[in-house]
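Structure file structure28.cif; described as mmCIF, N, CA and C atoms.
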data_data
loop_
_atom_site.label_atom_id
_atom_site.label_comp_id
_atom_site.auth_asym_id
_atom_site.auth_seq_id
_atom_site.Cartn_x
_atom_site.Cartn_y
_atom_site.Cartn_z
N MET A 1 -19.69 2.58 -9.41
CA MET A 1 -20.16 1.40 -10.11
C MET A 1 -21.23 0.73 -9.25
N LYS A 2 -22.27 0.30 -9.88
CA LYS A 2 -23.34 -0.39 -9.16
C LYS A 2 -22.91 -1.81 -8.81
N THR A 3 -23.47 -2.31 -7.73
CA THR A 3 -23.12 -3.65 -7.26
C THR A 3 -23.43 -4.70 -8.30
N GLU A 4 -24.55 -4.56 -8.98
CA GLU A 4 -24.92 -5.54 -10.01
C GLU A 4 -23.87 -5.59 -11.12
N THR A 5 -23.37 -4.43 -11.51
CA THR A 5 -22.34 -4.38 -12.54
C THR A 5 -21.06 -5.05 -12.06
N MET A 6 -20.69 -4.80 -10.80
CA MET A 6 -19.49 -5.41 -10.24
C MET A 6 -19.62 -6.93 -10.22
N LEU A 7 -20.79 -7.43 -9.82
CA LEU A 7 -21.00 -8.88 -9.79
C LEU A 7 -20.89 -9.49 -11.19
N GLN A 8 -21.42 -8.80 -12.19
CA GLN A 8 -21.32 -9.29 -13.57
C GLN A 8 -19.87 -9.29 -14.05
N LEU A 9 -19.14 -8.22 -13.73
CA LEU A 9 -17.72 -8.15 -14.10
C LEU A 9 -16.92 -9.25 -13.41
N PHE A 10 -17.28 -9.52 -12.18
CA PHE A 10 -16.57 -10.54 -11.43
C PHE A 10 -16.78 -11.93 -12.03
N VAL A 11 -18.00 -12.20 -12.50
CA VAL A 11 -18.28 -13.48 -13.16
C VAL A 11 -17.42 -13.61 -14.41
N LEU A 12 -17.33 -12.52 -15.18
CA LEU A 12 -16.49 -12.54 -16.38
C LEU A 12 -15.02 -12.75 -16.01
N PHE A 13 -14.59 -12.12 -14.92
CA PHE A 13 -13.23 -12.29 -14.45
C PHE A 13 -12.96 -13.74 -14.07
N LEU A 14 -13.89 -14.36 -13.37
CA LEU A 14 -13.73 -15.76 -12.97
C LEU A 14 -13.68 -16.68 -14.19
N LEU A 15 -14.48 -16.38 -15.20
CA LEU A 15 -14.44 -17.17 -16.44
C LEU A 15 -13.08 -17.04 -17.12
N TYR A 16 -12.56 -15.82 -17.14
CA TYR A 16 -11.24 -15.58 -17.72
C TYR A 16 -10.17 -16.37 -16.96
N CYS A 17 -10.25 -16.34 -15.63
CA CYS A 17 -9.29 -17.08 -14.81
C CYS A 17 -9.36 -18.57 -15.11
N LYS A 18 -10.57 -19.08 -15.26
CA LYS A 18 -10.73 -20.50 -15.55
C LYS A 18 -10.14 -20.85 -16.91
N GLU A 19 -10.38 -20.00 -17.92
CA GLU A 19 -9.85 -20.23 -19.27
C GLU A 19 -8.33 -20.20 -19.31
N THR A 20 -7.73 -19.33 -18.50
CA THR A 20 -6.27 -19.18 -18.52
C THR A 20 -5.58 -20.08 -17.51
N GLY A 21 -6.35 -20.83 -16.74
CA GLY A 21 -5.76 -21.74 -15.77
C GLY A 21 -5.29 -21.07 -14.49
N THR A 22 -5.76 -19.87 -14.24
CA THR A 22 -5.39 -19.16 -13.03
C THR A 22 -6.13 -19.76 -11.85
N GLU A 23 -5.39 -20.19 -10.84
CA GLU A 23 -6.00 -20.84 -9.69
C GLU A 23 -6.07 -19.95 -8.46
N ARG A 24 -5.24 -18.91 -8.41
CA ARG A 24 -5.20 -18.06 -7.23
C ARG A 24 -5.04 -16.60 -7.64
N VAL A 25 -5.79 -15.73 -6.99
CA VAL A 25 -5.72 -14.30 -7.26
C VAL A 25 -5.59 -13.58 -5.92
N ASN A 26 -4.65 -12.67 -5.83
CA ASN A 26 -4.51 -11.83 -4.64
C ASN A 26 -5.09 -10.46 -4.95
N ASP A 27 -6.02 -10.01 -4.12
CA ASP A 27 -6.68 -8.72 -4.32
C ASP A 27 -6.21 -7.74 -3.26
N ASN A 28 -5.66 -6.63 -3.69
CA ASN A 28 -5.29 -5.55 -2.78
C ASN A 28 -6.24 -4.39 -3.06
N CYS A 29 -7.14 -4.14 -2.14
CA CYS A 29 -8.16 -3.11 -2.33
C CYS A 29 -7.56 -1.71 -2.24
N ILE A 30 -8.12 -0.81 -3.00
CA ILE A 30 -7.75 0.60 -2.92
C ILE A 30 -8.50 1.19 -1.73
N LEU A 31 -7.81 2.01 -0.94
CA LEU A 31 -8.43 2.63 0.22
C LEU A 31 -9.67 3.44 -0.16
N ASN A 32 -10.67 3.40 0.68
CA ASN A 32 -11.89 4.17 0.43
C ASN A 32 -11.62 5.66 0.33
N ASN A 33 -10.54 6.12 0.96
CA ASN A 33 -10.19 7.54 0.90
C ASN A 33 -10.00 8.03 -0.52
N TYR A 34 -9.64 7.13 -1.41
CA TYR A 34 -9.34 7.51 -2.78
C TYR A 34 -10.53 7.35 -3.73
N HIS A 35 -11.64 6.90 -3.22
CA HIS A 35 -12.84 6.75 -4.04
C HIS A 35 -13.72 7.98 -3.92
N ASN A 36 -14.36 8.38 -5.03
CA ASN A 36 -15.34 9.46 -4.97
C ASN A 36 -16.60 9.00 -4.24
N LYS A 37 -17.02 7.78 -4.53
CA LYS A 37 -18.21 7.21 -3.91
C LYS A 37 -17.90 5.77 -3.49
N PRO A 38 -17.31 5.59 -2.30
CA PRO A 38 -16.94 4.23 -1.89
C PRO A 38 -18.17 3.36 -1.68
N SER A 39 -18.10 2.12 -2.18
CA SER A 39 -19.25 1.21 -2.02
C SER A 39 -18.84 -0.18 -1.54
N LEU A 40 -17.58 -0.55 -1.70
CA LEU A 40 -17.09 -1.88 -1.33
C LEU A 40 -17.75 -2.99 -2.13
N ALA A 41 -18.23 -2.69 -3.32
CA ALA A 41 -18.87 -3.69 -4.17
C ALA A 41 -17.89 -4.80 -4.55
N ASP A 42 -16.62 -4.46 -4.68
CA ASP A 42 -15.63 -5.49 -5.01
C ASP A 42 -15.50 -6.51 -3.87
N LEU A 43 -15.52 -6.03 -2.63
CA LEU A 43 -15.46 -6.95 -1.50
C LEU A 43 -16.72 -7.80 -1.40
N TYR A 44 -17.85 -7.21 -1.76
CA TYR A 44 -19.09 -7.96 -1.75
C TYR A 44 -19.04 -9.06 -2.81
N ALA A 45 -18.49 -8.76 -3.98
CA ALA A 45 -18.37 -9.76 -5.05
C ALA A 45 -17.46 -10.91 -4.60
N LEU A 46 -16.38 -10.58 -3.92
CA LEU A 46 -15.50 -11.62 -3.40
C LEU A 46 -16.23 -12.50 -2.39
N PHE A 47 -16.98 -11.88 -1.49
CA PHE A 47 -17.75 -12.63 -0.51
C PHE A 47 -18.79 -13.51 -1.20
N TRP A 48 -19.47 -12.96 -2.19
CA TRP A 48 -20.53 -13.66 -2.92
C TRP A 48 -20.01 -14.94 -3.56
N HIS A 49 -18.75 -14.91 -3.98
CA HIS A 49 -18.14 -16.07 -4.65
C HIS A 49 -17.24 -16.86 -3.71
N ASN A 50 -17.48 -16.76 -2.41
CA ASN A 50 -16.80 -17.56 -1.39
C ASN A 50 -15.28 -17.41 -1.38
N ALA A 51 -14.81 -16.20 -1.59
CA ALA A 51 -13.37 -15.96 -1.53
C ALA A 51 -12.89 -16.12 -0.09
N SER A 52 -11.63 -16.50 0.07
CA SER A 52 -11.05 -16.68 1.40
C SER A 52 -10.21 -15.46 1.75
N LEU A 53 -10.49 -14.91 2.91
CA LEU A 53 -9.69 -13.81 3.43
C LEU A 53 -8.47 -14.41 4.11
N ILE A 54 -7.29 -14.07 3.60
CA ILE A 54 -6.07 -14.65 4.17
C ILE A 54 -5.29 -13.63 4.99
N ARG A 55 -5.62 -12.35 4.84
CA ARG A 55 -4.89 -11.32 5.57
C ARG A 55 -5.70 -10.04 5.57
N ARG A 56 -5.65 -9.32 6.64
CA ARG A 56 -6.31 -8.02 6.74
C ARG A 56 -5.30 -7.04 7.33
N ASP A 57 -5.10 -5.91 6.67
CA ASP A 57 -4.15 -4.91 7.13
C ASP A 57 -4.88 -3.66 7.59
N VAL A 58 -4.21 -2.91 8.43
CA VAL A 58 -4.74 -1.63 8.89
C VAL A 58 -4.16 -0.54 8.01
N ASN A 59 -4.99 0.35 7.56
CA ASN A 59 -4.54 1.49 6.76
C ASN A 59 -4.88 2.76 7.52
N SER A 60 -4.09 3.78 7.30
CA SER A 60 -4.37 5.05 7.95
C SER A 60 -4.20 6.18 6.95
N LYS A 61 -4.74 7.30 7.32
CA LYS A 61 -4.73 8.46 6.43
C LYS A 61 -4.24 9.64 7.23
N ILE A 62 -3.42 10.48 6.61
CA ILE A 62 -2.93 11.70 7.25
C ILE A 62 -3.57 12.88 6.54
N ASP A 63 -4.27 13.69 7.29
CA ASP A 63 -4.91 14.88 6.72
C ASP A 63 -3.85 15.98 6.64
N LEU A 64 -3.38 16.26 5.43
CA LEU A 64 -2.30 17.23 5.26
C LEU A 64 -2.78 18.67 5.29
N SER A 65 -4.10 18.88 5.39
CA SER A 65 -4.62 20.24 5.46
C SER A 65 -4.47 20.82 6.86
N THR A 66 -4.20 20.00 7.85
CA THR A 66 -3.98 20.48 9.22
C THR A 66 -2.52 20.21 9.58
N PRO A 67 -1.94 21.10 10.36
CA PRO A 67 -0.52 20.89 10.71
C PRO A 67 -0.33 19.66 11.58
N VAL A 68 0.79 19.00 11.37
CA VAL A 68 1.13 17.82 12.16
C VAL A 68 1.71 18.29 13.49
N ARG A 69 1.19 17.76 14.58
CA ARG A 69 1.72 18.11 15.90
C ARG A 69 2.58 16.97 16.40
N TYR A 70 3.85 17.27 16.57
CA TYR A 70 4.79 16.27 17.03
C TYR A 70 4.85 16.26 18.56
N SER A 71 5.17 15.11 19.11
CA SER A 71 5.39 15.02 20.56
C SER A 71 6.68 15.75 20.90
N LYS A 72 6.87 16.05 22.17
CA LYS A 72 8.09 16.74 22.60
C LYS A 72 9.33 15.91 22.26
N ARG A 73 9.21 14.61 22.44
CA ARG A 73 10.34 13.73 22.14
C ARG A 73 10.68 13.75 20.66
N ARG A 74 9.65 13.70 19.81
CA ARG A 74 9.88 13.73 18.36
C ARG A 74 10.49 15.07 17.95
N THR A 75 9.98 16.18 18.51
CA THR A 75 10.52 17.51 18.19
C THR A 75 11.99 17.59 18.62
N TRP A 76 12.30 17.05 19.80
CA TRP A 76 13.68 17.06 20.29
C TRP A 76 14.57 16.28 19.33
N THR A 77 14.10 15.12 18.88
CA THR A 77 14.89 14.28 17.97
C THR A 77 15.12 14.99 16.63
N ILE A 78 14.10 15.65 16.12
CA ILE A 78 14.23 16.39 14.85
C ILE A 78 15.24 17.51 15.00
N ASN A 79 15.14 18.26 16.09
CA ASN A 79 16.08 19.36 16.32
C ASN A 79 17.51 18.85 16.48
N LYS A 80 17.68 17.73 17.16
CA LYS A 80 19.01 17.13 17.33
C LYS A 80 19.58 16.75 15.96
N ALA A 81 18.75 16.16 15.09
CA ALA A 81 19.21 15.78 13.75
C ALA A 81 19.64 17.01 12.95
N ARG A 82 18.89 18.10 13.08
CA ARG A 82 19.26 19.34 12.37
C ARG A 82 20.61 19.87 12.87
N ILE A 83 20.80 19.85 14.19
CA ILE A 83 22.06 20.33 14.78
C ILE A 83 23.23 19.48 14.29
N GLU A 84 23.00 18.16 14.15
CA GLU A 84 24.05 17.25 13.68
C GLU A 84 24.29 17.36 12.17
N GLY A 85 23.46 18.16 11.47
CA GLY A 85 23.67 18.39 10.05
C GLY A 85 22.96 17.39 9.14
N LEU A 86 21.97 16.67 9.67
CA LEU A 86 21.23 15.72 8.85
C LEU A 86 20.42 16.48 7.80
N GLU A 87 20.53 16.05 6.57
CA GLU A 87 19.77 16.66 5.49
C GLU A 87 18.80 15.64 4.91
N ILE A 88 17.60 16.08 4.64
CA ILE A 88 16.62 15.24 3.96
C ILE A 88 16.45 15.80 2.57
N ILE A 89 16.81 15.00 1.58
CA ILE A 89 16.74 15.44 0.19
C ILE A 89 15.99 14.41 -0.64
N GLU A 90 15.41 14.85 -1.73
CA GLU A 90 14.75 13.94 -2.65
C GLU A 90 15.80 13.36 -3.58
N SER A 91 15.71 12.06 -3.78
CA SER A 91 16.67 11.39 -4.63
C SER A 91 15.98 10.31 -5.45
N THR A 92 16.52 10.04 -6.61
CA THR A 92 16.01 8.94 -7.44
C THR A 92 17.02 7.80 -7.50
N ASP A 93 17.99 7.82 -6.60
CA ASP A 93 19.00 6.78 -6.55
C ASP A 93 18.46 5.61 -5.73
N PHE A 94 17.70 4.72 -6.38
CA PHE A 94 17.07 3.62 -5.68
C PHE A 94 18.07 2.55 -5.25
N THR A 95 19.23 2.51 -5.89
CA THR A 95 20.25 1.55 -5.48
C THR A 95 20.74 1.86 -4.07
N ALA A 96 21.00 3.12 -3.80
CA ALA A 96 21.45 3.52 -2.45
C ALA A 96 20.33 3.29 -1.43
N PHE A 97 19.11 3.64 -1.81
CA PHE A 97 17.96 3.45 -0.92
C PHE A 97 17.76 1.97 -0.62
N TRP A 98 17.89 1.15 -1.64
CA TRP A 98 17.60 -0.28 -1.46
C TRP A 98 18.61 -0.98 -0.56
N THR A 99 19.81 -0.43 -0.45
CA THR A 99 20.78 -1.04 0.46
C THR A 99 20.36 -0.89 1.92
N LEU A 100 19.60 0.16 2.23
CA LEU A 100 19.12 0.38 3.60
C LEU A 100 17.77 -0.26 3.86
N LEU A 101 16.92 -0.31 2.85
CA LEU A 101 15.52 -0.72 3.04
C LEU A 101 15.34 -2.10 3.68
N PRO A 102 15.99 -3.15 3.21
CA PRO A 102 15.71 -4.46 3.81
C PRO A 102 16.11 -4.57 5.28
N ASP A 103 17.12 -3.83 5.71
CA ASP A 103 17.61 -3.96 7.08
C ASP A 103 16.64 -3.40 8.12
N VAL A 104 16.03 -2.26 7.83
CA VAL A 104 15.20 -1.59 8.83
C VAL A 104 13.96 -2.40 9.20
N PRO A 105 13.10 -2.82 8.25
CA PRO A 105 11.93 -3.60 8.67
C PRO A 105 12.30 -4.91 9.35
N TYR A 106 13.38 -5.54 8.88
CA TYR A 106 13.73 -6.84 9.45
C TYR A 106 14.25 -6.67 10.89
N SER A 107 15.11 -5.69 11.09
CA SER A 107 15.69 -5.52 12.43
C SER A 107 14.65 -5.02 13.43
N ASN A 108 13.69 -4.21 12.99
CA ASN A 108 12.69 -3.67 13.92
C ASN A 108 11.44 -4.53 14.04
N HIS A 109 11.06 -5.23 12.97
CA HIS A 109 9.79 -5.93 12.96
C HIS A 109 9.88 -7.39 12.53
N ASN A 110 11.10 -7.88 12.27
CA ASN A 110 11.31 -9.26 11.83
C ASN A 110 10.51 -9.58 10.57
N THR A 111 10.53 -8.67 9.61
CA THR A 111 9.83 -8.85 8.34
C THR A 111 10.66 -8.25 7.21
N ALA A 112 10.30 -8.58 5.99
CA ALA A 112 11.00 -8.06 4.81
C ALA A 112 10.13 -7.01 4.13
N PRO A 113 10.72 -6.12 3.32
CA PRO A 113 9.91 -5.11 2.63
C PRO A 113 8.95 -5.77 1.65
N TYR A 114 7.78 -5.20 1.54
CA TYR A 114 6.75 -5.74 0.65
C TYR A 114 7.07 -5.44 -0.81
N THR A 115 7.56 -4.26 -1.06
CA THR A 115 7.76 -3.82 -2.43
C THR A 115 9.05 -4.40 -3.01
N GLN A 116 9.17 -4.35 -4.30
CA GLN A 116 10.35 -4.86 -4.98
C GLN A 116 11.13 -3.69 -5.57
N ARG A 117 12.41 -3.88 -5.72
CA ARG A 117 13.29 -2.81 -6.21
C ARG A 117 12.83 -2.28 -7.57
N GLN A 118 12.42 -3.17 -8.46
CA GLN A 118 12.01 -2.76 -9.80
C GLN A 118 10.76 -1.88 -9.74
N ARG A 119 9.88 -2.14 -8.78
CA ARG A 119 8.66 -1.33 -8.66
C ARG A 119 8.99 0.11 -8.29
N CYS A 120 10.00 0.31 -7.46
CA CYS A 120 10.38 1.67 -7.07
C CYS A 120 10.74 2.50 -8.29
N ALA A 121 11.53 1.92 -9.17
CA ALA A 121 11.92 2.65 -10.39
C ALA A 121 10.70 2.90 -11.28
N TYR A 122 9.78 1.93 -11.32
CA TYR A 122 8.56 2.09 -12.11
C TYR A 122 7.70 3.22 -11.55
N TRP A 123 7.50 3.23 -10.22
CA TRP A 123 6.67 4.26 -9.60
C TRP A 123 7.29 5.64 -9.74
N GLN A 124 8.61 5.70 -9.71
CA GLN A 124 9.30 6.98 -9.79
C GLN A 124 9.00 7.66 -11.12
N ALA A 125 8.71 6.90 -12.16
CA ALA A 125 8.43 7.48 -13.47
C ALA A 125 7.14 8.29 -13.46
N TYR A 126 6.29 8.05 -12.47
CA TYR A 126 5.02 8.77 -12.39
C TYR A 126 5.14 9.83 -11.36
#

Please, can you express the file's structure as structure tokens?
Amino acid sequence: MKTETMLQLFVLFLLYCKETGTERVNDNCILNNYHNKPSLADLYALFWHNASLIRRDVNSKIDLSTPVRYSKRRTWTINKARIEGLEIIESTDFTAFWTLLPDVPYSNHNTAPYTQRQRCAYWQAY
């Protein structure tokens, strides 16, 4: 999409927000890795209209076409888990998963999970 088109769409979006009484919008950008031709025109439109940046996150990409090289410690831990009989299986039981999810980020990072339980079931459908 051309930058001019994005700016025009953004003006229409702002008009819609004004008509509907929307006062705040949170924008989560799609990683450039997923674009055929990344341009960041959406970020430019936000800047052009004096949007406030309230948070910036780091994103990373794993190239699955090359083998993953684990550290010796990680390899040892994986082998220990196999010896202990740990199985990794695919499951759609989000209730069981959700009982574990909130504890891990909070205990390790003092934060709560970003996603919501209902979204997991929604995403699983795709």

Step one, run DSSP on the backbone; step two, keep only residues of segment 4-59 of chain A assigned to alpha helix (DSSP H); then write them as a count of residues only. 25

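Non-sequential neighbours of segment 2-18 of chain A (distance at most 8 Å, separation of 2 or more positions within a chain, only C-alpha atoms) are Thr20, Gly21, Thr22, Glu23, Ala41, Asp42 and Ala45 of chain A.
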
Put those residues in a file: N, CA and C atoms, as a PDB file, keeping the file's coordinate frame.
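And here's result_39.pdb as it stands now:
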ATOM      1  N   THR A  20      -7.730 -19.330 -18.500  1.00  0.00           N
ATOM      2  CA  THR A  20      -6.270 -19.180 -18.520  1.00  0.00           C
ATOM      3  C   THR A  20      -5.580 -20.080 -17.510  1.00  0.00           C
ATOM      4  N   GLY A  21      -6.350 -20.830 -16.740  1.00  0.00           N
ATOM      5  CA  GLY A  21      -5.760 -21.740 -15.770  1.00  0.00           C
ATOM      6  C   GLY A  21      -5.290 -21.070 -14.490  1.00  0.00           C
ATOM      7  N   THR A  22      -5.760 -19.870 -14.240  1.00  0.00           N
ATOM      8  CA  THR A  22      -5.390 -19.160 -13.030  1.00  0.00           C
ATOM      9  C   THR A  22      -6.130 -19.760 -11.850  1.00  0.00           C
ATOM     10  N   GLU A  23      -5.390 -20.190 -10.840  1.00  0.00           N
ATOM     11  CA  GLU A  23      -6.000 -20.840  -9.690  1.00  0.00           C
ATOM     12  C   GLU A  23      -6.070 -19.950  -8.460  1.00  0.00           C
ATOM     13  N   ALA A  41     -18.230  -2.690  -3.320  1.00  0.00           N
ATOM     14  CA  ALA A  41     -18.870  -3.690  -4.170  1.00  0.00           C
ATOM     15  C   ALA A  41     -17.890  -4.800  -4.550  1.00  0.00           C
ATOM     16  N   ASP A  42     -16.620  -4.460  -4.680  1.00  0.00           N
ATOM     17  CA  ASP A  42     -15.630  -5.490  -5.010  1.00  0.00           C
ATOM     18  C   ASP A  42     -15.500  -6.510  -3.870  1.00  0.00           C
ATOM     19  N   ALA A  45     -18.490  -8.760  -3.980  1.00  0.00           N
ATOM     20  CA  ALA A  45     -18.370  -9.760  -5.050  1.00  0.00           C
ATOM     21  C   ALA A  45     -17.460 -10.910  -4.600  1.00  0.00           C
TER      22      ALA A  45
END

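Atom CA of Cys29 of chain A to atom CA of Leu43 of chain A spans 8.3 Å [interatomic distance, one decimal].
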
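Our summary of the geometry notes that atom CA of Val25 of chain A is positioned 27.8 Å from atom CA of Trp98 of chain A.
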
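For the residues A:Thr77, A:Ser39, A:Asn26, A:Asn33, ranking by smallest atom-to-atom distance to Ser52 of chain A using only C-alpha atoms places A:Asn26 first.
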
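A straight line drawn from atom CA of Arg73 of chain A to atom C of Gly85 of chain A is 18.5 Å long.
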